[in-house]
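Visitor: Encoded as structure tokens, here's the structure I'll be asking about.
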Amino acid sequence: MNICLFDGQIFKLSQETGCKLKEWLDSGIDVERINKVYKRYLDRFGGNAEQTMTEMLRITEGRVSREWTQEDLSKLEAELEA
């Protein structure tokens with residue numbers, strides 16, 4: 001499962017890391033929903049992850065998945081249906 005919470009950052013675990021995890025978990029964003037949307041975009045772009053991320057960033061106004069809101073997910077899903 002790739003949720004991009006820390007986007008490839010390398011760091012030592014700290015209290016701040018725990019706070020970020022808790023905040024993300026409390027955000028109510030459904031990880032399975034994120035993964036489903038990502039896989040659908042990946043399929044749309046023939047498995048090209050770079051194109052997939054570029055399009056998703058365009059739709060979410062530059063927000064990465066760890067910053068997505070319910071509205072972002074709804075926009076992404078709506079774009080897939082268009």
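Identifiers in this document derive from the order of the structure tokens: chains are assigned A, B, ..., residues are numbered from 1 separately in each chain, and ligands are numbered from 1 in order of occurrence.
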Could you find all residues in chain A that DSSP calls helix (DSSP H, G or I) from the backbone, and write them as an MDAnalysis selection string?

Guide: chainID A and resid 15:26 31:44 49:59 65:67 70:81

Visitor: Tell me, as a ChimeraX atom specification, which residues lie within 12 Å of Glu55 (chain A), counting only C-alpha atoms; anything in the same chain fewer than 4 positions away does not count.

Guide: /A:38,41-42,44-45,48-51,59-64,75-76,79-80

Visitor: Using Å and a single decimal, report how far CA of Gly28 (chain A) sits from CA of Gln70 (chain A).

Guide: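 Between CA of Gln70 (chain A) and CA of Gly28 (chain A) the gap works out to 8.4 Å.
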
Visitor: Please measure the separation of CA of Glu71 (chain A) and CA of Glu32 (chain A), giving the value in Å to one decimal.

Guide: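 Interatomic distance here is 15.9 Å.
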
Visitor: Nearest to Ser74 (chain A): which of A:Gln9, A:Asp30, A:Lys39, A:Lys22 is it, counting only C-alpha atoms?

Guide: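 Nearest candidate to Ser74 (chain A) out of A:Gln9, A:Asp30, A:Lys39, A:Lys22: A:Asp30.
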
Visitor: Taking only C-alpha atoms into account, which of A:Glu77, A:Asp43, A:Glu67, A:Asp72 comes nearest Glu23 (chain A)?

Guide: A:Glu67
